[in-house]
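**Q** Sending over upload.cif (mmCIF, C-alpha atoms (C1' of nucleotides)).
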```cif
data_data
#
loop_
_atom_site.label_atom_id
_atom_site.label_comp_id
_atom_site.auth_asym_id
_atom_site.auth_seq_id
_atom_site.Cartn_x
_atom_site.Cartn_y
_atom_site.Cartn_z
CA MET A 1 0.00 0.00 0.00
CA ALA A 2 1.07 3.59 -0.43
CA ARG A 3 0.00 6.86 1.07
CA ALA A 4 -3.75 7.34 1.32
CA ALA A 5 -5.41 9.24 -1.48
CA THR A 6 -5.94 12.94 -0.96
CA THR A 7 -9.59 12.21 -1.59
CA ALA A 8 -9.69 9.67 1.22
CA ASP A 9 -10.98 12.17 3.77
CA ALA A 10 -10.87 15.81 4.83
CA PHE A 11 -7.63 15.23 6.74
CA ASN A 12 -5.80 14.26 3.58
CA ALA A 13 -7.50 16.84 1.39
CA VAL A 14 -6.60 19.66 3.75
CA ALA A 15 -2.99 18.61 4.14
CA GLU A 16 -2.20 20.45 0.91
CA PRO A 17 -1.53 24.18 1.49
CA ARG A 18 -3.04 25.27 -1.82
CA ARG A 19 -6.28 23.60 -0.93
CA ARG A 20 -6.31 25.34 2.42
CA GLU A 21 -5.81 28.61 0.56
CA ILE A 22 -8.73 27.81 -1.68
CA LEU A 23 -10.94 27.14 1.32
CA HIS A 24 -9.74 30.35 2.89
CA VAL A 25 -10.75 32.35 -0.15
CA LEU A 26 -14.08 30.58 -0.40
CA ALA A 27 -14.72 31.41 3.22
CA GLY A 28 -15.15 34.96 1.97
CA GLY A 29 -17.89 33.89 -0.41
CA GLU A 30 -18.43 31.70 -3.42
CA ARG A 31 -16.20 32.17 -6.47
CA PRO A 32 -15.81 31.03 -10.03
CA VAL A 33 -12.66 29.09 -10.87
CA ASN A 34 -10.92 31.97 -12.58
CA ASP A 35 -11.18 34.13 -9.50
CA LEU A 36 -9.35 31.45 -7.59
CA VAL A 37 -6.77 31.14 -10.33
CA ALA A 38 -6.15 34.86 -10.00
CA GLU A 39 -5.92 34.82 -6.21
CA LEU A 40 -3.66 31.79 -5.91
CA GLY A 41 -0.54 31.91 -8.01
CA ILE A 42 -1.01 28.68 -9.94
CA GLY A 43 -2.44 27.49 -13.25
CA GLN A 44 -6.07 26.89 -14.00
CA PRO A 45 -5.74 23.11 -14.48
CA GLN A 46 -4.11 22.86 -11.07
CA VAL A 47 -6.89 24.82 -9.45
CA SER A 48 -9.51 22.66 -11.13
CA ARG A 49 -7.81 19.56 -9.83
CA HIS A 50 -7.59 20.88 -6.30
CA LEU A 51 -11.26 21.74 -6.48
CA ARG A 52 -11.98 18.22 -7.64
CA VAL A 53 -10.29 16.84 -4.55
CA LEU A 54 -12.13 19.25 -2.30
CA ARG A 55 -15.40 18.30 -3.90
CA ALA A 56 -14.63 14.60 -3.50
CA VAL A 57 -14.45 15.00 0.26
CA GLY A 58 -17.43 17.32 0.44
CA LEU A 59 -15.50 20.44 1.34
CA VAL A 60 -16.92 22.47 -1.52
CA ASP A 61 -20.05 22.51 -3.62
CA VAL A 62 -20.36 23.58 -7.23
CA ARG A 63 -23.04 25.55 -8.95
CA TYR A 64 -23.35 26.04 -12.69
CA LYS A 65 -23.82 29.53 -13.97
CA GLY A 66 -23.46 29.68 -17.72
CA ARG A 67 -19.95 28.72 -18.61
CA GLN A 68 -18.77 29.40 -15.11
CA ARG A 69 -18.59 26.99 -12.20
CA ILE A 70 -19.17 28.77 -8.95
CA TYR A 71 -17.58 27.00 -6.00
CA ARG A 72 -18.82 27.40 -2.48
CA LEU A 73 -17.39 26.32 0.85
CA HIS A 74 -19.10 23.51 2.71
CA GLY A 75 -17.36 23.93 6.03
CA GLN A 76 -19.30 21.26 7.81
CA SER A 77 -16.99 18.69 6.29
CA LEU A 78 -14.25 20.17 8.45
CA LYS A 79 -16.08 19.14 11.58
CA PRO A 80 -14.41 15.72 11.86
CA ILE A 81 -11.06 17.47 11.99
CA HIS A 82 -12.33 20.01 14.46
CA ASP A 83 -13.70 17.29 16.68
CA TRP A 84 -10.59 15.18 16.49
CA VAL A 85 -8.24 18.03 17.32
CA GLY A 86 -10.64 19.17 20.01
CA GLN A 87 -9.93 15.96 21.91
CA PHE A 88 -6.44 17.26 22.51
CA GLU A 89 -7.23 20.86 23.24
CA GLN A 90 -6.76 20.60 26.99
CA THR A 91 -3.29 19.34 26.23
CA TRP A 92 -2.01 22.82 25.54
CA ASN A 93 -3.94 24.53 28.32
CA ASP A 94 -2.72 25.87 31.64
CA ARG A 95 -3.66 22.99 33.85
CA PHE A 96 -2.00 20.56 31.54
CA ASP A 97 1.10 22.68 31.25
CA ALA A 98 1.42 22.56 35.00
CA MET A 99 1.15 18.79 34.87
CA ASP A 100 3.80 18.78 32.19
CA ALA A 101 6.09 20.65 34.49
CA VAL A 102 5.61 17.99 37.15
CA LEU A 103 6.34 15.26 34.65
CA GLU A 104 9.42 17.07 33.44
CA ASP A 105 10.58 17.24 37.01
CA LEU A 106 9.96 13.54 37.53
CA LYS A 107 11.85 12.82 34.38
CA ALA A 108 14.80 14.81 35.63
CA ARG A 109 14.83 12.95 38.95
CA GLU A 110 14.55 9.64 37.16
CA ALA A 111 17.49 10.48 34.96
CA THR A 112 19.52 11.29 38.04
CA ASN A 113 18.53 8.01 39.66
CA ASP A 114 19.46 6.09 36.53
CA ALA A 115 22.85 7.68 36.57
CA ASP A 116 23.31 6.68 40.23
CA GLY A 117 22.06 3.17 39.53
CA GLU A 118 25.35 1.98 38.01
CA MET R 1 7.09 18.65 -7.34
CA ALA R 2 5.14 15.90 -5.69
CA ARG R 3 3.03 15.68 -2.59
CA ALA R 4 4.49 17.44 0.42
CA ALA R 5 6.46 15.34 2.87
CA THR R 6 4.55 13.96 5.81
CA THR R 7 7.12 15.72 7.94
CA ALA R 8 6.32 19.06 6.34
CA ASP R 9 3.89 20.06 9.08
CA ALA R 10 1.31 18.75 11.51
CA PHE R 11 -1.38 18.79 8.83
CA ASN R 12 0.51 16.26 6.73
CA ALA R 13 1.68 14.20 9.68
CA VAL R 14 -1.83 13.83 11.04
CA ALA R 15 -3.37 12.90 7.69
CA GLU R 16 -2.27 9.34 8.30
CA PRO R 17 -4.80 7.35 10.39
CA ARG R 18 -2.17 5.25 12.15
CA ARG R 19 -0.46 8.35 13.38
CA ARG R 20 -3.74 9.69 14.70
CA GLU R 21 -4.17 6.39 16.53
CA ILE R 22 -0.74 6.74 18.03
CA LEU R 23 -1.53 10.22 19.27
CA HIS R 24 -4.80 8.95 20.67
CA VAL R 25 -3.04 6.27 22.68
CA LEU R 26 -0.38 8.70 23.86
CA ALA R 27 -3.13 11.03 25.01
CA GLY R 28 -3.69 8.45 27.73
CA GLY R 29 -0.10 8.74 28.89
CA GLU R 30 3.42 8.17 27.68
CA ARG R 31 4.34 4.76 26.31
CA PRO R 32 7.31 2.76 25.13
CA VAL R 33 7.33 1.72 21.49
CA ASN R 34 6.37 -1.87 22.15
CA ASP R 35 3.20 -0.83 23.91
CA LEU R 36 2.19 1.04 20.81
CA VAL R 37 3.09 -1.92 18.63
CA ALA R 38 0.78 -4.03 20.76
CA GLU R 39 -2.09 -1.54 20.69
CA LEU R 40 -1.97 -0.80 16.98
CA GLY R 41 -2.00 -3.83 14.74
CA ILE R 42 1.17 -3.12 12.79
CA GLY R 43 4.85 -4.01 12.87
CA GLN R 44 7.45 -2.42 15.08
CA PRO R 45 9.44 -0.85 12.22
CA GLN R 46 6.26 0.82 10.99
CA VAL R 47 5.51 2.21 14.41
CA SER R 48 9.04 3.50 14.75
CA ARG R 49 8.74 5.26 11.43
CA HIS R 50 5.43 6.84 12.31
CA LEU R 51 6.93 8.02 15.55
CA ARG R 52 9.81 9.50 13.61
CA VAL R 53 7.37 11.53 11.54
CA LEU R 54 5.46 12.65 14.60
CA ARG R 55 8.68 13.67 16.27
CA ALA R 56 9.78 15.59 13.19
CA VAL R 57 6.74 17.84 13.44
CA GLY R 58 6.96 18.14 17.21
CA LEU R 59 3.85 16.12 17.98
CA VAL R 60 5.69 13.76 20.31
CA ASP R 61 8.72 13.85 22.54
CA VAL R 62 11.02 10.97 23.39
CA ARG R 63 12.63 10.05 26.64
CA TYR R 64 15.29 7.41 27.07
CA LYS R 65 14.82 4.85 29.78
CA GLY R 66 17.35 2.09 29.48
CA ARG R 67 16.76 0.30 26.23
CA GLN R 68 13.28 1.68 25.98
CA ARG R 69 12.19 4.88 24.29
CA ILE R 70 9.24 6.38 26.04
CA TYR R 71 7.14 8.57 23.77
CA ARG R 72 4.96 11.34 25.03
CA LEU R 73 2.34 13.48 23.37
CA HIS R 74 3.14 17.13 22.73
CA GLY R 75 -0.34 18.29 21.85
CA GLN R 76 0.58 21.92 21.49
CA SER R 77 1.79 21.15 17.99
CA LEU R 78 -1.81 20.48 17.07
CA LYS R 79 -2.72 24.06 17.81
CA PRO R 80 -2.08 25.30 14.26
CA ILE R 81 -4.63 22.79 13.01
CA HIS R 82 -7.05 23.72 15.74
CA ASP R 83 -6.69 27.39 14.95
CA TRP R 84 -7.03 26.89 11.23
CA VAL R 85 -10.13 24.78 11.47
CA GLY R 86 -11.50 27.14 14.08
CA GLN R 87 -11.67 29.86 11.43
CA PHE R 88 -14.40 27.87 9.77
CA GLU R 89 -16.30 26.78 12.83
CA GLN R 90 -19.13 29.27 12.44
CA THR R 91 -19.64 27.76 9.02
CA TRP R 92 -21.46 24.77 10.44
CA ASN R 93 -23.32 26.64 13.16
CA ASP R 94 -26.94 27.60 13.35
CA ARG R 95 -26.68 31.19 12.25
CA PHE R 96 -24.64 30.21 9.24
CA ASP R 97 -26.98 27.42 8.37
CA ALA R 98 -29.79 29.96 8.27
CA MET R 99 -27.69 32.11 5.98
CA ASP R 100 -27.06 29.07 3.83
CA ALA R 101 -30.78 28.62 3.49
CA VAL R 102 -31.09 32.18 2.24
CA LEU R 103 -28.30 31.65 -0.25
CA GLU R 104 -29.87 28.43 -1.43
CA ASP R 105 -33.06 30.34 -1.99
CA LEU R 106 -31.27 33.06 -3.92
CA LYS R 107 -29.58 30.42 -6.00
CA ALA R 108 -32.94 28.91 -6.87
CA ARG R 109 -34.35 32.28 -7.90
CA GLU R 110 -31.25 33.02 -9.92
CA ALA R 111 -31.58 29.75 -11.78
CA THR R 112 -35.18 30.62 -12.58
CA ASN R 113 -34.19 34.05 -13.82
CA ASP R 114 -31.47 32.58 -15.97
CA ALA R 115 -33.96 30.26 -17.55
CA ASP R 116 -36.26 33.21 -18.21
CA GLY R 117 -33.39 35.34 -19.49
CA GLU R 118 -33.20 33.53 -22.84
"C1'" DT M 1 -21.79 28.50 -37.57
"C1'" DT M 2 -17.52 30.30 -35.88
"C1'" DG M 3 -14.67 31.85 -32.54
"C1'" DA M 4 -13.74 33.31 -27.88
"C1'" DC M 5 -14.19 32.19 -23.21
"C1'" DA M 6 -14.50 29.07 -18.80
"C1'" DT M 7 -13.42 24.92 -17.09
"C1'" DA M 8 -12.23 20.05 -17.06
"C1'" DT M 9 -9.38 16.14 -18.34
"C1'" DA M 10 -5.29 13.46 -20.00
"C1'" DT M 11 -0.49 12.73 -19.87
"C1'" DC M 12 4.36 13.22 -18.23
"C1'" DC M 13 7.78 13.33 -14.62
"C1'" DA M 14 10.10 13.40 -10.19
"C1'" DT M 15 9.16 12.25 -5.69
"C1'" DA M 16 7.61 10.61 -1.06
"C1'" DT M 17 4.87 7.37 0.76
"C1'" DC M 18 3.46 2.85 3.53
"C1'" DG M 19 3.87 -1.83 4.55
"C1'" DA M 20 7.03 -5.71 4.57
"C1'" DT M 21 11.36 -7.70 5.43
"C1'" DA M 22 16.06 -7.84 6.83
"C1'" DT M 23 19.45 -5.90 9.48
"C1'" DA M 24 21.92 -2.54 12.47
"C1'" DT M 25 22.49 -0.27 17.02
"C1'" DA M 26 22.20 -0.02 21.84
"C1'" DT M 27 21.31 -1.69 26.51
"C1'" DT M 28 20.83 -5.26 30.01
"C1'" DG M 29 21.72 -9.68 32.43
"C1'" DG M 30 24.62 -13.57 33.30
"C1'" DC B 1 32.10 -11.33 26.43
"C1'" DC B 2 27.51 -13.37 24.79
"C1'" DA B 3 22.70 -13.71 24.16
"C1'" DA B 4 18.44 -11.48 24.58
"C1'" DT B 5 15.68 -7.46 24.39
"C1'" DA B 6 14.10 -2.78 22.54
"C1'" DT B 7 14.25 0.12 18.95
"C1'" DA B 8 15.93 2.24 14.71
"C1'" DT B 9 17.30 2.14 9.89
"C1'" DA B 10 17.83 0.45 5.00
"C1'" DT B 11 15.73 -1.35 1.06
"C1'" DC B 12 11.95 -2.86 -2.14
"C1'" DG B 13 7.63 -2.36 -4.58
"C1'" DA B 14 3.28 -0.37 -5.76
"C1'" DT B 15 1.01 3.78 -5.83
"C1'" DA B 16 -0.84 8.60 -5.81
"C1'" DT B 17 0.81 12.94 -5.92
"C1'" DG B 18 1.37 18.06 -7.88
"C1'" DG B 19 2.99 21.09 -11.34
"C1'" DA B 20 3.33 21.62 -16.32
"C1'" DT B 21 1.54 21.25 -20.83
"C1'" DA B 22 -1.71 20.06 -24.30
"C1'" DT B 23 -6.23 19.26 -25.35
"C1'" DA B 24 -11.20 18.28 -24.80
"C1'" DT B 25 -15.83 19.87 -23.45
"C1'" DG B 26 -19.25 23.14 -22.98
"C1'" DT B 27 -21.30 27.85 -23.39
"C1'" DC B 28 -21.92 32.45 -25.03
"C1'" DA B 29 -21.83 36.13 -28.60
"C1'" DA B 30 -21.88 37.90 -33.25
#
```
Using structure tokens, write down the structure that the file contains.

**A**
Amino acid sequence: MARAATTADAFNAVAEPRRREILHVLAGGERPVNDLVAELGIGQPQVSRHLRVLRAVGLVDVRYKGRQRIYRLHGQSLKPIHDWVGQFEQTWNDRFDAMDAVLEDLKAREATNDADGE
Amino acid sequence: MARAATTADAFNAVAEPRRREILHVLAGGERPVNDLVAELGIGQPQVSRHLRVLRAVGLVDVRYKGRQRIYRLHGQSLKPIHDWVGQFEQTWNDRFDAMDAVLEDLKAREATNDADGE
DNA sequence: TTGACATATATCCATATCGATATATATTGG
DNA sequence: CCAATATATATCGATATGGATATATGTCAA
């Protein structure tokens, strides 16, 4: 097996910086492809492909308006990521930092003891 | 260029399900490698490599205890992801959903107008 | 219809991946 | 020192990637 497809889930889709940029722009409102091409610094085929990936994982929706395709953010598909990361949020909070300090201290003592051991 | 390295940032590192599992286990407390090997269903070399990636992006710390390497979660490195996703949180909230409904409605009207237009 | 415009798709290439396997390194006990 | 244990590293193979380029599809306008 190789690395999971970028279309496997939102985690993989969002790992690519360009795609995060696209979502960032779309957060400001829906846009046709060419607008995105202008705002990011890359070619139109590349943008289309990134949009394809984002659509595959439900992060954007398309709408047809004449010859344009208007893309719109569907942020709800980011919720799994939000929820997953949320599990760890307390980890970088004050109470936990204090606990970290204690553990660091224990570690230091342990190291000292190990050194004495032999 | 190809896909960014998994060690490029936390986004890429965390895109891999096994690595998320590892972080999940470590959230319950520090562990030596073999514990992780037992809890995940994969080989020791694979676990070591995943840990290497996680260490590269600062998501875990190592501690040496005799021949064991005790790994510990460093959740703070998840903060960039948390912050980034947080930007979009309102997107899937009630007020925004209501706004979505309005936009959906506008879209419908627009489509009707377009049809009339010609 | 013809041509211009907007977007999508196909192909090429260099690269990093993940799992598997074999092996290297380091630490401990006897 | 030797064997066992704990972990890391090297290599292989199949695969999907992302940018670039060329081209196909679809829509509007004259």

**Q** Would you pick out the contacts of Leu78 (chain A) at 10 Å or less, using all atoms listed in the file, so that residues sharing its chain but fewer than 2 positions from it are not included, and give the list as JSON, numbers by chain?

**A** {"A": [9, 10, 11, 14, 57, 58, 59, 74, 75, 76, 80, 81, 82, 83], "R": [85, 86, 88, 89, 91, 92]}

**Q** Which residue, M:DT23, M:DT1, M:DT7, M:DT17, has the smallest gap to chain R when you use all atoms listed in the file?

**A**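 Of all the options, M:DT17 lies closest to chain R.
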
**Q** Using the chain letters and numbers from the file, give me the residues hit by the PyMOL selection byres ((chain A and resi 35) around 12), as a PDB file with C-alpha atoms (C1' of nucleotides), in the frame of the given file.

**A**
```
ATOM      1  CA  ILE A  22      -8.730  27.810  -1.680  1.00  0.00           C
ATOM      2  CA  VAL A  25     -10.750  32.350  -0.150  1.00  0.00           C
ATOM      3  CA  LEU A  26     -14.080  30.580  -0.400  1.00  0.00           C
ATOM      4  CA  GLY A  29     -17.890  33.890  -0.410  1.00  0.00           C
ATOM      5  CA  GLU A  30     -18.430  31.700  -3.420  1.00  0.00           C
ATOM      6  CA  ARG A  31     -16.200  32.170  -6.470  1.00  0.00           C
ATOM      7  CA  PRO A  32     -15.810  31.030 -10.030  1.00  0.00           C
ATOM      8  CA  VAL A  33     -12.660  29.090 -10.870  1.00  0.00           C
ATOM      9  CA  ASN A  34     -10.920  31.970 -12.580  1.00  0.00           C
ATOM     10  CA  LEU A  36      -9.350  31.450  -7.590  1.00  0.00           C
ATOM     11  CA  VAL A  37      -6.770  31.140 -10.330  1.00  0.00           C
ATOM     12  CA  ALA A  38      -6.150  34.860 -10.000  1.00  0.00           C
ATOM     13  CA  GLU A  39      -5.920  34.820  -6.210  1.00  0.00           C
ATOM     14  CA  LEU A  40      -3.660  31.790  -5.910  1.00  0.00           C
ATOM     15  CA  GLY A  41      -0.540  31.910  -8.010  1.00  0.00           C
ATOM     16  CA  ILE A  42      -1.010  28.680  -9.940  1.00  0.00           C
ATOM     17  CA  GLY A  43      -2.440  27.490 -13.250  1.00  0.00           C
ATOM     18  CA  GLN A  44      -6.070  26.890 -14.000  1.00  0.00           C
ATOM     19  CA  VAL A  47      -6.890  24.820  -9.450  1.00  0.00           C
ATOM     20  CA  SER A  48      -9.510  22.660 -11.130  1.00  0.00           C
ATOM     21  CA  GLN A  68     -18.770  29.400 -15.110  1.00  0.00           C
ATOM     22  CA  ARG A  69     -18.590  26.990 -12.200  1.00  0.00           C
ATOM     23  CA  ILE A  70     -19.170  28.770  -8.950  1.00  0.00           C
ATOM     24  CA  TYR A  71     -17.580  27.000  -6.000  1.00  0.00           C
TER      25      TYR A  71
ATOM     26  C1'  DA M   6     -14.500  29.070 -18.800  1.00  0.00           C
TER      27       DA M   6
END
```

**Q** Find the residues in chain B near chain R: any atom within 10 Å counts, using all atoms listed in the file. Write them as a PyMOL selection string.

**A** chain B and resi 5-9+16-19

**Q** Restricted to C-alpha atoms (C1' of nucleotides), what would the selected residues look like written as a tab-separated table (two decimals), in the frame of the given file?

**A**
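This is the output file out18.tsv:
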```tsv
chain	number	residue	atom	x	y	z
B	5	DT	C1'	15.68	-7.46	24.39
B	6	DA	C1'	14.10	-2.78	22.54
B	7	DT	C1'	14.25	0.12	18.95
B	8	DA	C1'	15.93	2.24	14.71
B	9	DT	C1'	17.30	2.14	9.89
B	16	DA	C1'	-0.84	8.60	-5.81
B	17	DT	C1'	0.81	12.94	-5.92
B	18	DG	C1'	1.37	18.06	-7.88
B	19	DG	C1'	2.99	21.09	-11.34
```

**Q** Give me the result of the PyMOL selection byres ((chain M and resi 29) around 10) on this file, residue by residue, as a count of residues only.

**A** 5

**Q** At a cut-off of 9 Å, which residues of chain M touch chain R? Count only C-alpha atoms (C1' of nucleotides) and give the answer as JSON, numbers by chain.

**A** {"M": [14, 15, 16, 17, 18, 19, 20, 26, 27, 28]}

**Q** Residues as selected, C-alpha atoms (C1' of nucleotides), written as a PDB file, in the coordinates of the input, can you do that?

**A**
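Written file, part_31.pdb:
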```pdb
ATOM      1  C1'  DA M  14      10.100  13.400 -10.190  1.00  0.00           C
ATOM      2  C1'  DT M  15       9.160  12.250  -5.690  1.00  0.00           C
ATOM      3  C1'  DA M  16       7.610  10.610  -1.060  1.00  0.00           C
ATOM      4  C1'  DT M  17       4.870   7.370   0.760  1.00  0.00           C
ATOM      5  C1'  DC M  18       3.460   2.850   3.530  1.00  0.00           C
ATOM      6  C1'  DG M  19       3.870  -1.830   4.550  1.00  0.00           C
ATOM      7  C1'  DA M  20       7.030  -5.710   4.570  1.00  0.00           C
ATOM      8  C1'  DA M  26      22.200  -0.020  21.840  1.00  0.00           C
ATOM      9  C1'  DT M  27      21.310  -1.690  26.510  1.00  0.00           C
ATOM     10  C1'  DT M  28      20.830  -5.260  30.010  1.00  0.00           C
TER      11       DT M  28
END
```

**Q** Which is closer to chain A than all the others in R:Val53, R:Asp61, R:Ala15, R:Gly28, using only C-alpha atoms?

**A**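 With only C-alpha atoms as the atom set, the closest residue is R:Ala15.
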
**Q** Could you tell me which of A:Asn12, A:Thr7, A:Asn93, A:His24 comes closest to chain R if we count all atoms listed in the file?

**A** A:Asn12

**Q** To one decimal place in Å, what is the distance between C1' of DA10 (chain B) and CA of Val60 (chain R)?

**A** 23.6 Å

**Q** Please indicate the distance in Å from CA of Leu51 (chain R) to CA of Glu21 (chain R), rounded to one decimal place.

**A**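 That distance, rounded to one decimal, is 11.3 Å.
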